[in-house]
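Structure first, then comments.
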Amino acid sequence: MKSSKKKCLRWIFISLLLCFGLIVGTRSPWIASAETVSSDYFQKEASYTSATFSDVQTDDWFYENVKTVYEYGLMVGNSATTFNPSGKVSIAETITIAARLHSLFYTGNKYFETSEPWYQTYVNYAISNGIIGGEYQDYDCAATRAEYAVILSAAFPDYALEKINQIPDNSIPDVPIDAVYSRAVYKLYRAGILRGNDEQGTFAPDSNIQRSEVAAIISRMAEENRRIHKNINILPGNEPSSENSLPADAGVPAEIEPSIYGPSFVLGASNAKAGAKDIPVTVALKNNPGIASVGLTVSYDAALTLKKIVYNDQIEGNHMLPPVMSNPTKLIWVSPFADVSGDWVLATLYFDVSEDAALGYHQIAAVFDEDDIFNVAMDNVSFTVINGSINVTK
């Protein structure tokens with residue numbers, strides 16, 4: 001139980017934020033300029049032979065992938081002589097891989113300080129760099145293919161996952177475009193990182209991902225020449241939309257699997273043309289158990305300009321509008337006397353798209369300090385962030 005003094009201090013802090021319009025004005029630490037980023041940091045550091053692992057044979061489909069990730073030092077065996085290709089991968093291991101990839105890509109360093117538990121240093125890095133939106137309830141559970149795609153897709157910036165395949169919305173048989181994980185899956189398919197389990201591109205989102213599959217994904221992220229060129233047929237009903245934007249509720253799925261995501265902030269998705277104005281992107285609460293405070297820092301791609309924020313007046317409570325729409329900007333909402341539960345659109349952000357915006361997805365992402373999300377009992381409430389985007393089309 002938090003002390004009365006801490007409760008008082010927190011409410012005073014929130015009051016000051018609301019009264020004086022305090023806003024985060026510094027650049028988000030996880031958005032780096034193109035000049036500071038280099039994939040040349042992926043350097044091989046180990047030797048691999050056909051005898052390195054007894055359970056990886058030269059005629060296995062994953063042999064070259066295992067060899068690549070081992071040589072880069074991105075994966076090792078589960079013992080000195082075995083790789084365990086059919087073994088499962090935990091949420092903690094997934095976050096660890098994403099953190100190492102992100103750090104390598106941006107800084108050339110994949111080494112982290114030790115922590116207790118062992119994965120906490122990677123979790124902290126992933127949260128502070130926008131790879132995940134908050135703490136998971138169980139880090140030891142096996143990751144599903146959907147969970148893995150969501151986490152790994154945030155390890156690289158969009159320009160490092162360039163679209164090479166035509167994968168129309170709803171063309172992956174078991175990944176409807178309104179699924180909460182669809183944005184990540186389609187992004188990785190279009191970049192040639194994922195290809196599916198059959199000719200139709202079936203993804204099997206709820207199955208657990210295996211170490212052999214992880215090796216394939218990581219090797220394709222590290223080496224662009226390993227990425228797979230495979231279009232999925234454009235079937236009737238899957239033709240690309242010619243509309244400027246998706247329906248108002250796009251990016252806010254009707255249902256999110258609670259066992260996978262739990263309480264979530266879901267940033268919406270829109271399509272737009274270069275030069276388009278006032279493109280809406282919603283910030284929604286999903287599987288919300290009841291909260292009294294939100295402090296959410298939103299960052300967005302340089303091709304976008306935030307023009308205004310409209311909070312949902314149907315939600316009781318107080319909110320803050322920043323004096324200027326900086327990047328990043330902080331959304332602040334407080335309900336002083338009662339928890340607000342249930343699924344809501346908290347606010348809608350309106351963006352202008354630059355005239356010279358490149359075709360493809362321009363990310364809109366959010367991070368938060370755990371002390372900024374709590375209920376009226378002053379207990380922190382764990383949330384996950386599902387990042388959004390504006391897809392610039394022809």
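Here's how to read the names in the structure tokens: chain A, B, ... by the order shown, residue numbers from 1 in each chain, ligand numbers from 1 in the order shown.
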For range 302-324 of chain A against range 357-372 of chain A, with a cut-off of 9 Å and counting only C-alpha atoms, what is the closest atom pair and its distance in Å to one decimal for every residue that makes the cut, ordered by chain and number, as a tab-separated table?
residue	atom	partner	partner_atom	distance
A:Ala302	CA	A:His362	CA	8.4
A:Ala303	CA	A:Ala357	CA	5.4
A:Leu304	CA	A:His362	CA	7.7
Just to be explicit: take each residue in the selection above, keep all heavy atoms, and write the result as a short mmCIF file (atom, residue, chain, number, x, y, z; two decimals), in the first residue's frame.
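Saved file selection.cif follows:
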data_model
loop_
_atom_site.label_atom_id
_atom_site.label_comp_id
_atom_site.auth_asym_id
_atom_site.auth_seq_id
_atom_site.Cartn_x
_atom_site.Cartn_y
_atom_site.Cartn_z
N ALA A 302 8.77 11.70 -38.96
CA ALA A 302 9.03 13.08 -39.38
C ALA A 302 8.17 13.52 -40.56
O ALA A 302 8.00 14.72 -40.80
CB ALA A 302 10.51 13.23 -39.73
N ALA A 303 7.62 12.56 -41.32
CA ALA A 303 6.76 12.92 -42.45
C ALA A 303 5.38 13.37 -42.00
O ALA A 303 4.58 13.82 -42.82
CB ALA A 303 6.63 11.73 -43.40
N LEU A 304 5.09 13.25 -40.70
CA LEU A 304 3.77 13.61 -40.16
C LEU A 304 3.89 14.86 -39.29
O LEU A 304 4.91 15.09 -38.64
CB LEU A 304 3.20 12.46 -39.33
CG LEU A 304 3.17 11.08 -40.00
CD1 LEU A 304 2.65 10.04 -39.03
CD2 LEU A 304 2.33 11.11 -41.27
#
Could you pull out the strand (DSSP E or B) residues of range 296-383 of chain A, going by DSSP on the backbone, and write them as number ranges by chain? A: 296-300, 304-311, 318-320, 329-334, 340, 344-353, 360-367, 374, 380
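The coordinates place CA of Ile132 in chain A at 20.4 Å from CA of Lys88 in chain A.
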Show me, as a PyMOL selection string, the residues that have an atom within 8 Å of Ala215 in chain A when counting only C-alpha atoms, minus same-chain residues fewer than 3 positions from it. chain A and resi 62+65-66+69+75+211-212+218-219
Serialized selection, N, CA and C atoms, as an mmCIF file, in the first residue's frame:
data_model
loop_
_atom_site.group_PDB
_atom_site.id
_atom_site.type_symbol
_atom_site.label_atom_id
_atom_site.label_comp_id
_atom_site.auth_asym_id
_atom_site.auth_seq_id
_atom_site.Cartn_x
_atom_site.Cartn_y
_atom_site.Cartn_z
ATOM 1 N N PHE A 62 16.147 -25.032 -42.147
ATOM 2 C CA PHE A 62 16.603 -23.918 -41.322
ATOM 3 C C PHE A 62 18.120 -23.891 -41.122
ATOM 4 N N ASN A 65 19.845 -20.593 -41.810
ATOM 5 C CA ASN A 65 19.380 -19.576 -40.866
ATOM 6 C C ASN A 65 20.065 -19.732 -39.510
ATOM 7 N N VAL A 66 20.147 -20.959 -39.025
ATOM 8 C CA VAL A 66 20.826 -21.211 -37.757
ATOM 9 C C VAL A 66 22.295 -20.814 -37.863
ATOM 10 N N VAL A 69 22.536 -16.826 -37.708
ATOM 11 C CA VAL A 69 22.324 -16.184 -36.408
ATOM 12 C C VAL A 69 23.409 -16.571 -35.405
ATOM 13 N N MET A 75 21.977 -15.816 -31.677
ATOM 14 C CA MET A 75 21.401 -16.971 -31.003
ATOM 15 C C MET A 75 22.512 -17.984 -30.741
ATOM 16 N N ARG A 211 12.199 -22.299 -32.231
ATOM 17 C CA ARG A 211 13.527 -21.707 -32.352
ATOM 18 C C ARG A 211 14.026 -21.699 -33.801
ATOM 19 N N SER A 212 13.655 -22.706 -34.573
ATOM 20 C CA SER A 212 14.053 -22.722 -35.984
ATOM 21 C C SER A 212 13.407 -21.567 -36.743
ATOM 22 N N ILE A 218 15.198 -13.836 -37.683
ATOM 23 C CA ILE A 218 16.326 -12.973 -37.323
ATOM 24 C C ILE A 218 17.319 -12.872 -38.479
ATOM 25 N N SER A 219 17.585 -13.980 -39.141
ATOM 26 C CA SER A 219 18.553 -13.944 -40.244
ATOM 27 C C SER A 219 18.055 -13.046 -41.371
#
At a cut-off of 7 Å, can you tabulate as CSV every residue of range 71-105 of chain A near range 139-143 of chain A together with its closest atom pair and the distance in Å to one decimal, using only C-alpha atoms and ordering rows by chain then number?
residue,atom,partner,partner_atom,distance
A:Lys88,CA,A:Ala142,CA,6.1
A:Val89,CA,A:Ala142,CA,5.5
A:Ser90,CA,A:Ala142,CA,4.2
A:Ile91,CA,A:Tyr139,CA,5.0
A:Ala92,CA,A:Tyr139,CA,4.8
Which residues are near Asp206 in chain A? Cut-off 7 Å, only C-alpha atoms, ignore same chain within fewer than 3 positions. Put them as a list in words.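 Close residues of Asp206 in chain A: Thr144, Arg145 and Ala146 of chain A.
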Could you please write out, as a PyMOL selection string, every residue of range 160-371 of chain A that DSSP assigns to alpha helix (DSSP H)? chain A and resi 182-190+211-222+258-261
Produce a table with one row for each residue of range 71-166 of chain A that has an atom at most 10 Å from any atom of range 221-224 of chain A, each row naming the nearest atom pair and its distance in Å at one decimal; use only C-alpha atoms; arrange rows by chain and rising residue number; format as JSON lines.
{"residue": "A:Tyr72", "atom": "CA", "partner": "A:Ala222", "partner_atom": "CA", "distance": 8.8}
{"residue": "A:Leu74", "atom": "CA", "partner": "A:Ala222", "partner_atom": "CA", "distance": 9.6}
{"residue": "A:Leu101", "atom": "CA", "partner": "A:Ala222", "partner_atom": "CA", "distance": 8.2}
{"residue": "A:Leu104", "atom": "CA", "partner": "A:Ala222", "partner_atom": "CA", "distance": 9.8}
{"residue": "A:Phe105", "atom": "CA", "partner": "A:Ala222", "partner_atom": "CA", "distance": 8.9}
{"residue": "A:Leu152", "atom": "CA", "partner": "A:Met221", "partner_atom": "CA", "distance": 9.4}
{"residue": "A:Ser153", "atom": "CA", "partner": "A:Met221", "partner_atom": "CA", "distance": 9.7}
{"residue": "A:Ala155", "atom": "CA", "partner": "A:Met221", "partner_atom": "CA", "distance": 9.5}
{"residue": "A:Phe156", "atom": "CA", "partner": "A:Met221", "partner_atom": "CA", "distance": 8.5}
{"residue": "A:Ala160", "atom": "CA", "partner": "A:Met221", "partner_atom": "CA", "distance": 8.5}
{"residue": "A:Leu161", "atom": "CA", "partner": "A:Met221", "partner_atom": "CA", "distance": 7.9}
{"residue": "A:Glu162", "atom": "CA", "partner": "A:Glu224", "partner_atom": "CA", "distance": 9.6}
Residues at most 7 Å from Phe383 in chain A, counting only C-alpha atoms, excluding those fewer than 6 positions away in the same chain, as a CSV table (one decimal) with N, CA, C and O atoms, in the first residue's frame?
chain,number,residue,atom,x,y,z
A,133,GLY,N,5.1,-1.7,-25.0
A,133,GLY,CA,4.4,-0.6,-24.3
A,133,GLY,C,4.4,-0.7,-22.8
A,133,GLY,O,4.1,0.3,-22.1
A,134,GLY,N,4.8,-1.8,-22.2
A,134,GLY,CA,4.8,-1.9,-20.8
A,134,GLY,C,5.1,-3.3,-20.3
A,134,GLY,O,5.5,-4.2,-21.2
A,263,PRO,N,-4.8,-5.4,-20.8
A,263,PRO,CA,-5.1,-4.0,-21.0
A,263,PRO,C,-4.2,-3.4,-22.0
A,263,PRO,O,-2.9,-3.6,-21.9
A,264,SER,N,-4.7,-2.6,-22.9
A,264,SER,CA,-3.9,-2.1,-24.0
A,264,SER,C,-4.3,-0.7,-24.4
A,264,SER,O,-5.5,-0.3,-24.3
A,265,PHE,N,-3.3,0.1,-24.8
A,265,PHE,CA,-3.5,1.3,-25.5
A,265,PHE,C,-3.3,1.0,-27.0
A,265,PHE,O,-2.3,0.5,-27.4
Shell around Thr49 in chain A at 12 Å using only C-alpha atoms, local window under 5 positions removed, as JSON, numbers by chain: {"A": [54, 56, 57, 58, 63, 64, 66, 67, 68, 70, 71, 81]}
Nearby residues (only C-alpha atoms) at most 7 Å from Ile151 in chain A, same-chain spacing under 2 positions excluded, as a VMD selection string: chain A and resid 95 98 131 to 132 147 to 149 153 to 154
Restricting it to all heavy atoms, dump the selection as a JSON list (two decimals), in the first residue's frame.
[["chain", "number", "residue", "atom", "x", "y", "z"],
["A", 95, "ILE", "N", 11.59, -10.66, -26.18],
["A", 95, "ILE", "CA", 11.95, -9.27, -25.88],
["A", 95, "ILE", "C", 13.46, -9.09, -25.92],
["A", 95, "ILE", "O", 13.98, -8.07, -26.42],
["A", 95, "ILE", "CB", 11.37, -8.85, -24.52],
["A", 95, "ILE", "CG1", 9.83, -8.82, -24.59],
["A", 95, "ILE", "CG2", 11.92, -7.49, -24.09],
["A", 95, "ILE", "CD1", 9.17, -8.64, -23.24],
["A", 98, "ALA", "N", 14.58, -8.87, -29.54],
["A", 98, "ALA", "CA", 14.20, -7.59, -30.13],
["A", 98, "ALA", "C", 15.08, -6.46, -29.60],
["A", 98, "ALA", "O", 15.48, -5.57, -30.37],
["A", 98, "ALA", "CB", 12.72, -7.30, -29.83],
["A", 131, "ILE", "N", 9.72, -0.54, -28.05],
["A", 131, "ILE", "CA", 9.54, -1.87, -28.63],
["A", 131, "ILE", "C", 8.31, -2.54, -28.04],
["A", 131, "ILE", "O", 7.54, -3.20, -28.74],
["A", 131, "ILE", "CB", 10.81, -2.73, -28.39],
["A", 131, "ILE", "CG1", 12.01, -2.07, -29.07],
["A", 131, "ILE", "CG2", 10.60, -4.15, -28.91],
["A", 131, "ILE", "CD1", 13.33, -2.73, -28.70],
["A", 132, "ILE", "N", 8.11, -2.40, -26.74],
["A", 132, "ILE", "CA", 6.89, -2.85, -26.07],
["A", 132, "ILE", "C", 6.36, -1.67, -25.28],
["A", 132, "ILE", "O", 7.09, -0.73, -24.96],
["A", 132, "ILE", "CB", 7.12, -4.07, -25.16],
["A", 132, "ILE", "CG1", 8.14, -3.76, -24.05],
["A", 132, "ILE", "CG2", 7.57, -5.27, -25.98],
["A", 132, "ILE", "CD1", 8.33, -4.88, -23.04],
["A", 147, "GLU", "N", 2.38, -12.87, -31.00],
["A", 147, "GLU", "CA", 3.14, -12.07, -30.04],
["A", 147, "GLU", "C", 4.53, -11.77, -30.56],
["A", 147, "GLU", "O", 5.04, -10.66, -30.43],
["A", 147, "GLU", "CB", 3.21, -12.80, -28.70],
["A", 147, "GLU", "CG", 1.90, -12.85, -27.95],
["A", 147, "GLU", "CD", 1.99, -13.72, -26.71],
["A", 147, "GLU", "OE1", 2.49, -14.85, -26.80],
["A", 147, "GLU", "OE2", 1.55, -13.25, -25.64],
["A", 148, "TYR", "N", 5.16, -12.78, -31.15],
["A", 148, "TYR", "CA", 6.52, -12.62, -31.65],
["A", 148, "TYR", "C", 6.54, -11.56, -32.76],
["A", 148, "TYR", "O", 7.43, -10.70, -32.80],
["A", 148, "TYR", "CB", 7.06, -13.94, -32.17],
["A", 148, "TYR", "CG", 8.55, -13.94, -32.35],
["A", 148, "TYR", "CD1", 9.40, -14.27, -31.30],
["A", 148, "TYR", "CD2", 9.13, -13.58, -33.56],
["A", 148, "TYR", "CE1", 10.77, -14.25, -31.45],
["A", 148, "TYR", "CE2", 10.51, -13.56, -33.72],
["A", 148, "TYR", "CZ", 11.32, -13.90, -32.67],
["A", 148, "TYR", "OH", 12.68, -13.86, -32.82],
["A", 149, "ALA", "N", 5.57, -11.61, -33.65],
["A", 149, "ALA", "CA", 5.52, -10.64, -34.76],
["A", 149, "ALA", "C", 5.35, -9.23, -34.24],
["A", 149, "ALA", "O", 6.00, -8.29, -34.73],
["A", 149, "ALA", "CB", 4.39, -11.01, -35.71],
["A", 153, "SER", "N", 8.50, -6.74, -34.89],
["A", 153, "SER", "CA", 8.27, -5.71, -35.91],
["A", 153, "SER", "C", 8.66, -4.33, -35.42],
["A", 153, "SER", "O", 8.88, -3.42, -36.22],
["A", 153, "SER", "CB", 6.80, -5.71, -36.34],
["A", 153, "SER", "OG", 5.96, -5.25, -35.29],
["A", 154, "ALA", "N", 8.75, -4.17, -34.09],
["A", 154, "ALA", "CA", 9.11, -2.87, -33.52],
["A", 154, "ALA", "C", 10.61, -2.74, -33.28],
["A", 154, "ALA", "O", 11.07, -1.71, -32.80],
["A", 154, "ALA", "CB", 8.36, -2.66, -32.21]]
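Of the residues listed (A:His102, A:His319, A:Lys44, A:Lys110), A:His319 shows the shortest atom-to-atom separation from Ala292 in chain A; distances use only C-alpha atoms.
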